[in-house]
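Some notes on the structure that comes next.
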Amino acid sequence: MTSVLRLIAILSLLLIPALALPDAGSRPSGCPTLDATDPATRASLMQYVCYYSAPPGAPGHQAKDPTELPEDLEWTPANGRDLVFSHTKSVYWVHLEVRNPGTERSAWYLKVNYPLLDEVTFWQTGDGITETLATGDQRPFASRAVDYRYFLLPVTLDGGETRSLTIRIHSNGALNVPLSFETAAEVIARSNHLTLTHGLFYGALLVFAVFNLLLFFSSGTGYYFYNAFYLAALGLFLFAMGGFANQYFWPDNASFANTSIPLSLSLCALAMILFGRSFLEVERRTISETVLKGQAWFCIGFLLLTLILPYNKTILLNTVLAMTVISSLFIIAAVRWKQGYQPAIWYLMAWLIMLVGGLIYALAAFGYLTDFLAREALMQSAVGGQVILLNYAMVQRWRLLNQKLLDVEHNARTELEFKVHERTAQLRNTMRELEKANRKLSTMSLNDALTGLHNRRHLNNIFPELCAEARRTSQPLTLALVDADHFKSINDTWGHGFGDTCLQFIAEMLTRHVKRPRDVAIRFGGEEFALLLPGTDAAGALNVCSALLQDIASTPLLGPDGTEVRMTLSAGIASLNPGETQNQLFERADEALYRAKSEGRNRAQLSDTIAAE
């Protein structure tokens with residue numbers, strides 16, 4: 001009997017390799033498994049990544065699925081290095097093993113922090129399942145798993161589960177594959193930070209462009225228009241390079257999304273020439289004027305070629321053209337400065353910054369430098385510095401011209417003096433009108449015209465901030481939704497004019513009872529109001545609402561016919577719970593308001609969740 005058991009044991013040991021799963025031996029050697037729950041491990045992601053470069057004709061170049069790769073494929077560990085490759089026709093395969101050693105089901109995102117990749121296909125396999133996501137900027141933007149300019153792969157792991165993540169990447173130009181493995185909170189935090197940065201950057205470009213355009217219309221000076229044209233073209237180019245244009249402008253036209261990059265770069269180069277020629281006052285029939293005119297025709301020709309040639313050729317040609325134009329303008333500015341044209345020094349410094357920033361950005365975009373995000377931020381800083389210096393140069397030029405006008409004014413006739421003052425007055429008036437319009441627009445966009453309270457847009461802006469602050473500081477935040485009872489009957493009986501009077505009366509009462517500086521009263525609908533009470537718990541909010549409702553009910557109004565009208569309000573109150581979203585908080589307050597209405601109106605009702613606690 002013992003001999004039989006020994007024989008069975010020996011046979012079992014011999015059969016174990018034959019019964020092993022087929023994919024167990026295909027895992028790339030030298031690439032350890034990533035602990036998805038460890039932030040430090042996720043931060044050193046590239047220590048766990050392997051990749052394989054498949055040039056044309058090599059195994060894996062024509063493969064469309066990881067199962068088609070040879071089993072003896074030699075994967076290369078990244079060893080902490082970013083995956084950045086200059087102009088290449090190779091197909092790149094990237095592999096990562098991730099594991100959730102915890103006991104609970106959790107979710108992460110594998111993110112490729114570079115938007116300009118033609119073909120990106122994700123596979124994740126484990127526990128007998130395989131999920132595939134095929135995307136890239138050669139596909140409609142809707143092919144992405146998440147509506148985001150970068151490529152995100154959601155990865156959800158049960159406790160103790162291990163997944164194999166494989167990416168196939170192919171692109172006609174340079175290839176940047178900056179990878180990160182992040183939690184949803186980390187993705188949102190980084191996205192919020194970048195949204196703020198990009199919003200400030202593109203917002204500033206837009207403001208400067210509109211400002212220069214207004215100066216052109218008010219003064220008729222050509223270089224203001226060319227500067228506005230340059231800022232718009234530069235903003236469009238960076239917007240397209242950052243993946244925003246593909247996301248927001250033409251998400252369903254992948255072909256034009258790629259074409260728009262060299263196209264906007266050509267427009268940018270043309271705008272540089274027109275602005276530089278006008279601002280530097282390049283004289284006719286000089287070498288500088290001939291060079292700029294020739295480059296301008298090259299820009300127009302390259303614009304046409306962009307619509308004909310493939311992207312990988314036009315982006316290279318237009319980049320060389322743009323760098324040539326920047327270098328030429330830098331040299332011409334130096335010449336004009338030596339000729340005694342004083343504003344050229346600021347123009348020279350502006351293009352020096354742009355030359356350095358543009359060169360570094362181009363090297364990163366073409367795969368010769370790593371960390372494209374840092375280079376993008378550097379380029380934005382360079383553009384910001386250039387815009388400031390260019391506008392300061394225009395101020396200096398304006399001062400120079402103003403001094404010349406003053407010199408002429410001293411010896412000119414009264415009519416010429418009148419024209420100079422008239423032009424100056426027009427400019428100052430335009431600036432005052434612009435400032436006045438901006439203040440009026442800012443007030444109108446955030447305040448309700450009828451009641452003077454903040455409007456729904458202000459609610460949408462401040463509500464997420466107050467929720468985030470409450471979560472961060474663990475301080476209470478209470479939302480009270482207030483609605484006028486039987487308001488339709490008021491409008492039907494006395495007309496909408498008296499209804500507006502009632503709304504103003506409610507707004508006055510809200511302002512009277514919401515006394516603390518940080519408390520916010522909002523009208524976000526017809527007869528619907530909201531109170532945001534940071535630092536106030538549900539009980540405190542109930543006291544505020546009860547006093548408000550009692551004050552409203554005890555204060556009569558006189559109708560148009562002299563009839564005494566008494567109004568009542570209903571209120572629903574909810575405080576932010578841990579882990580709760582702003583939408584959930586709003587829904588609970590709305591449910592409490594509905595219960596207050598259904599239970600007889602003229603009352604304040606707490607949310608059930610608050611009551612239970």
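Naming works like this for the structure tokens: A, B, ... for the chains as they're shown, residue 1 at the start of each chain, ligands 1 onward in shown order.
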
* Output as a count of residues only all residues of region 378-579 of chain A that backbone DSSP marks as strand (DSSP E). => 30

* Name the residues in contact with region 116-123 of chain A at a cut-off of 10 Å, using only C-alpha atoms, excluding same-chain residues fewer than 4 positions from it; report them as JSON, numbers by chain. => {"A": [64, 65, 66, 91, 92, 93, 94, 95, 110, 112, 130, 131, 132, 133, 134, 135, 136, 137, 138, 139, 144, 149, 150, 151, 152, 153, 163, 164, 165, 166, 167, 168, 169, 170, 171, 172, 173, 174, 175, 176, 177, 240, 241, 242, 243, 246, 254, 257, 258, 365]}

* **Residues within 10 Å of Gly159 (chain A), only C-alpha atoms, excluding chain neighbours under 6 positions, as number ranges by chain** => A: 99-106

* Write out as an MDAnalysis selection string the residues lying within 10 Å of Gly384 (chain A), counting only C-alpha atoms and excluding same-chain residues fewer than 4 positions away. => chainID A and resid 201:202 204:205 350 353:354 378:380 388:390

Need the shell around Leu453 (chain A): protein/DNA/RNA residues with any atom at most 6 Å away, counting only C-alpha atoms. Skip same-chain ones fewer than 4 positions apart. Format as a CSV table (one decimal) with C-alpha atoms, in the first residue's frame?
```csv
chain,number,residue,atom,x,y,z
A,447,ASN,CA,-26.0,87.4,-9.2
A,448,ASP,CA,-29.7,87.1,-9.7
A,522,ILE,CA,-28.9,81.7,-3.4
```

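For the set A:Thr511, A:Arg523, A:Ala269, A:Glu528, the residue with the smallest atom-to-atom gap to Leu548 (chain A) is A:Thr511, counting only C-alpha atoms.
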
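Here the question is which of A:Leu274, A:Ala209, A:Leu45, A:Leu533 gets nearest to Asp519 (chain A) using only C-alpha atoms, and that residue is A:Leu533.
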
* Asked: With only C-alpha atoms as the atoms that count, which of A:Ala571, A:Leu400, A:Ile315, A:Val49 lies nearest to Val544 (chain A)?
  ->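 Of A:Ala571, A:Leu400, A:Ile315, A:Val49, the one nearest Val544 (chain A) is A:Ala571, counting only C-alpha atoms.
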
* Interatomic distance (Å, one decimal) between CA of Ala271 (chain A) and CA of Phe256 (chain A) ->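 Value for the CA of Ala271 (chain A)-CA of Phe256 (chain A) distance: 21.3 Å.
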
* Would you list the contacts of Met272 (chain A) as number ranges by chain, taking every protein, DNA or RNA residue within 12 Å and counting only C-alpha atoms, but skipping same-chain residues closer than 6 positions in sequence? => A: 223, 225-234, 265-266, 278-280, 292-293, 295-296, 299, 321-330, 347, 351, 354, 390

Selected residues written out, N, CA, C and O atoms, as a short mmCIF file (atom, residue, chain, number, x, y, z; two decimals), in the first residue's frame:
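Okay, out_27.cif is ready:
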```
data_model
loop_
_atom_site.label_atom_id
_atom_site.label_comp_id
_atom_site.auth_asym_id
_atom_site.auth_seq_id
_atom_site.Cartn_x
_atom_site.Cartn_y
_atom_site.Cartn_z
N TYR A 223 -0.06 96.24 -35.52
CA TYR A 223 0.61 95.17 -34.78
C TYR A 223 -0.23 94.66 -33.61
O TYR A 223 0.01 93.58 -33.10
N PHE A 225 -3.40 93.92 -33.95
CA PHE A 225 -4.15 92.83 -34.60
C PHE A 225 -3.26 91.61 -34.82
O PHE A 225 -3.67 90.47 -34.56
N TYR A 226 -2.03 91.84 -35.29
CA TYR A 226 -1.12 90.71 -35.53
C TYR A 226 -0.76 90.00 -34.24
O TYR A 226 -0.60 88.77 -34.23
N ASN A 227 -0.64 90.76 -33.15
CA ASN A 227 -0.35 90.12 -31.86
C ASN A 227 -1.53 89.28 -31.40
O ASN A 227 -1.36 88.18 -30.87
N ALA A 228 -2.76 89.80 -31.60
CA ALA A 228 -3.95 89.01 -31.25
C ALA A 228 -4.02 87.75 -32.10
O ALA A 228 -4.35 86.66 -31.61
N PHE A 229 -3.68 87.87 -33.39
CA PHE A 229 -3.65 86.72 -34.30
C PHE A 229 -2.61 85.70 -33.83
O PHE A 229 -2.87 84.48 -33.80
N TYR A 230 -1.44 86.18 -33.42
CA TYR A 230 -0.38 85.29 -32.94
C TYR A 230 -0.79 84.56 -31.67
O TYR A 230 -0.60 83.34 -31.54
N LEU A 231 -1.39 85.29 -30.71
CA LEU A 231 -1.80 84.66 -29.46
C LEU A 231 -2.88 83.61 -29.70
O LEU A 231 -2.87 82.54 -29.07
N ALA A 232 -3.82 83.90 -30.61
CA ALA A 232 -4.87 82.93 -30.91
C ALA A 232 -4.30 81.69 -31.58
O ALA A 232 -4.66 80.55 -31.23
N ALA A 233 -3.38 81.87 -32.56
CA ALA A 233 -2.78 80.72 -33.26
C ALA A 233 -1.91 79.89 -32.30
O ALA A 233 -1.95 78.66 -32.32
N LEU A 234 -1.13 80.58 -31.46
CA LEU A 234 -0.29 79.87 -30.49
C LEU A 234 -1.14 79.09 -29.50
O LEU A 234 -0.85 77.93 -29.16
N LEU A 265 0.37 75.28 -36.27
CA LEU A 265 1.78 75.68 -36.15
C LEU A 265 2.18 76.58 -37.31
O LEU A 265 2.92 77.56 -37.13
N SER A 266 1.69 76.26 -38.53
CA SER A 266 1.97 77.12 -39.68
C SER A 266 1.33 78.49 -39.50
O SER A 266 1.95 79.53 -39.80
N SER A 278 5.70 94.19 -38.33
CA SER A 278 4.99 95.42 -38.00
C SER A 278 5.59 96.09 -36.76
O SER A 278 5.83 97.30 -36.76
N PHE A 279 5.85 95.31 -35.70
CA PHE A 279 6.31 95.89 -34.44
C PHE A 279 7.72 96.45 -34.58
O PHE A 279 8.03 97.53 -34.06
N LEU A 280 8.59 95.71 -35.25
CA LEU A 280 9.99 96.14 -35.38
C LEU A 280 10.18 97.22 -36.44
O LEU A 280 11.30 97.72 -36.62
N LEU A 292 11.79 87.97 -44.19
CA LEU A 292 10.47 87.77 -43.59
C LEU A 292 9.40 87.52 -44.65
O LEU A 292 8.50 86.69 -44.45
N LYS A 293 9.49 88.23 -45.76
CA LYS A 293 8.51 88.03 -46.82
C LYS A 293 8.64 86.62 -47.40
O LYS A 293 7.62 85.94 -47.65
N GLN A 295 9.79 83.95 -45.84
CA GLN A 295 9.28 82.99 -44.85
C GLN A 295 7.76 83.02 -44.77
O GLN A 295 7.13 81.99 -44.54
N ALA A 296 7.17 84.18 -44.99
CA ALA A 296 5.71 84.25 -44.99
C ALA A 296 5.12 83.41 -46.12
O ALA A 296 4.12 82.71 -45.94
N CYS A 299 5.28 79.84 -45.19
CA CYS A 299 4.20 79.48 -44.27
C CYS A 299 2.91 79.18 -45.03
O CYS A 299 2.21 78.20 -44.73
N LEU A 321 10.21 74.99 -39.68
CA LEU A 321 9.84 76.33 -40.16
C LEU A 321 9.64 77.28 -38.98
O LEU A 321 10.13 78.42 -38.99
N ALA A 322 8.90 76.84 -37.96
CA ALA A 322 8.62 77.70 -36.81
C ALA A 322 9.90 78.08 -36.07
O ALA A 322 10.10 79.25 -35.70
N MET A 323 10.80 77.11 -35.86
CA MET A 323 12.05 77.41 -35.19
C MET A 323 12.92 78.35 -36.03
O MET A 323 13.62 79.22 -35.50
N THR A 324 12.85 78.19 -37.36
CA THR A 324 13.60 79.10 -38.24
C THR A 324 13.05 80.51 -38.15
O THR A 324 13.81 81.49 -38.10
N VAL A 325 11.73 80.64 -38.13
CA VAL A 325 11.11 81.96 -38.01
C VAL A 325 11.49 82.61 -36.69
O VAL A 325 11.84 83.80 -36.65
N ILE A 326 11.42 81.85 -35.59
CA ILE A 326 11.79 82.40 -34.28
C ILE A 326 13.24 82.87 -34.28
O ILE A 326 13.56 83.97 -33.79
N SER A 327 14.13 82.06 -34.84
CA SER A 327 15.54 82.45 -34.90
C SER A 327 15.74 83.70 -35.75
O SER A 327 16.51 84.60 -35.38
N SER A 328 15.04 83.78 -36.88
CA SER A 328 15.16 84.95 -37.76
C SER A 328 14.68 86.21 -37.05
O SER A 328 15.33 87.27 -37.11
N LEU A 329 13.54 86.12 -36.37
CA LEU A 329 13.02 87.28 -35.66
C LEU A 329 13.95 87.69 -34.53
O LEU A 329 14.10 88.89 -34.24
N PHE A 330 14.59 86.73 -33.90
CA PHE A 330 15.56 87.03 -32.85
C PHE A 330 16.73 87.83 -33.41
O PHE A 330 17.16 88.85 -32.83
N TYR A 347 11.53 93.04 -27.10
CA TYR A 347 11.14 92.05 -28.11
C TYR A 347 12.22 90.96 -28.22
O TYR A 347 11.91 89.77 -28.33
N TRP A 351 11.72 86.85 -27.48
CA TRP A 351 11.97 85.76 -28.43
C TRP A 351 13.13 84.87 -27.99
O TRP A 351 13.23 83.72 -28.42
N MET A 354 11.27 82.46 -25.88
CA MET A 354 10.49 81.59 -26.75
C MET A 354 11.38 80.61 -27.49
O MET A 354 11.01 79.45 -27.70
N LEU A 390 6.34 90.83 -24.53
CA LEU A 390 5.85 91.43 -25.77
C LEU A 390 4.89 92.58 -25.48
O LEU A 390 4.96 93.65 -26.11
#
```

* To do: Find, counting only C-alpha atoms, the residue in A:Leu503, A:Met509, A:Val146, A:Ala43 that gets nearest to Phe181 (chain A).
  =>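 That would be A:Ala43, the residue with the smallest distance to Phe181 (chain A).
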
* Rank nothing, just name the residue among A:Val282, A:Leu446, A:Leu305, A:Leu206 nearest to Gln339 (chain A), using only C-alpha atoms. =>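 Smallest separation from Gln339 (chain A) among the options: A:Val282.
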
* To do: May I have the residues within 12 Å of Glu469 (chain A) as a PyMOL selection string, using only C-alpha atoms and disregarding those fewer than 5 positions away in the same chain?
  => chain A and resi 462-464+474-477+534-535+576+582

Could you dump the residues just selected with C-alpha atoms as a short mmCIF file (atom, residue, chain, number, x, y, z; two decimals), in the first residue's frame?
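And here's part.cif as it stands now:
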```cif
data_model
loop_
_atom_site.label_atom_id
_atom_site.label_comp_id
_atom_site.auth_asym_id
_atom_site.auth_seq_id
_atom_site.Cartn_x
_atom_site.Cartn_y
_atom_site.Cartn_z
CA ILE A 462 -18.91 77.45 -4.62
CA PHE A 463 -20.75 74.24 -3.66
CA PRO A 464 -17.91 71.83 -4.65
CA SER A 474 -14.01 67.83 9.22
CA GLN A 475 -16.20 70.86 9.87
CA PRO A 476 -19.96 70.60 9.27
CA LEU A 477 -21.58 71.92 6.09
CA PRO A 534 -20.46 76.19 6.36
CA GLY A 535 -19.53 75.47 9.95
CA LEU A 576 -22.78 66.65 4.57
CA GLN A 582 -22.42 67.12 -3.28
#
```
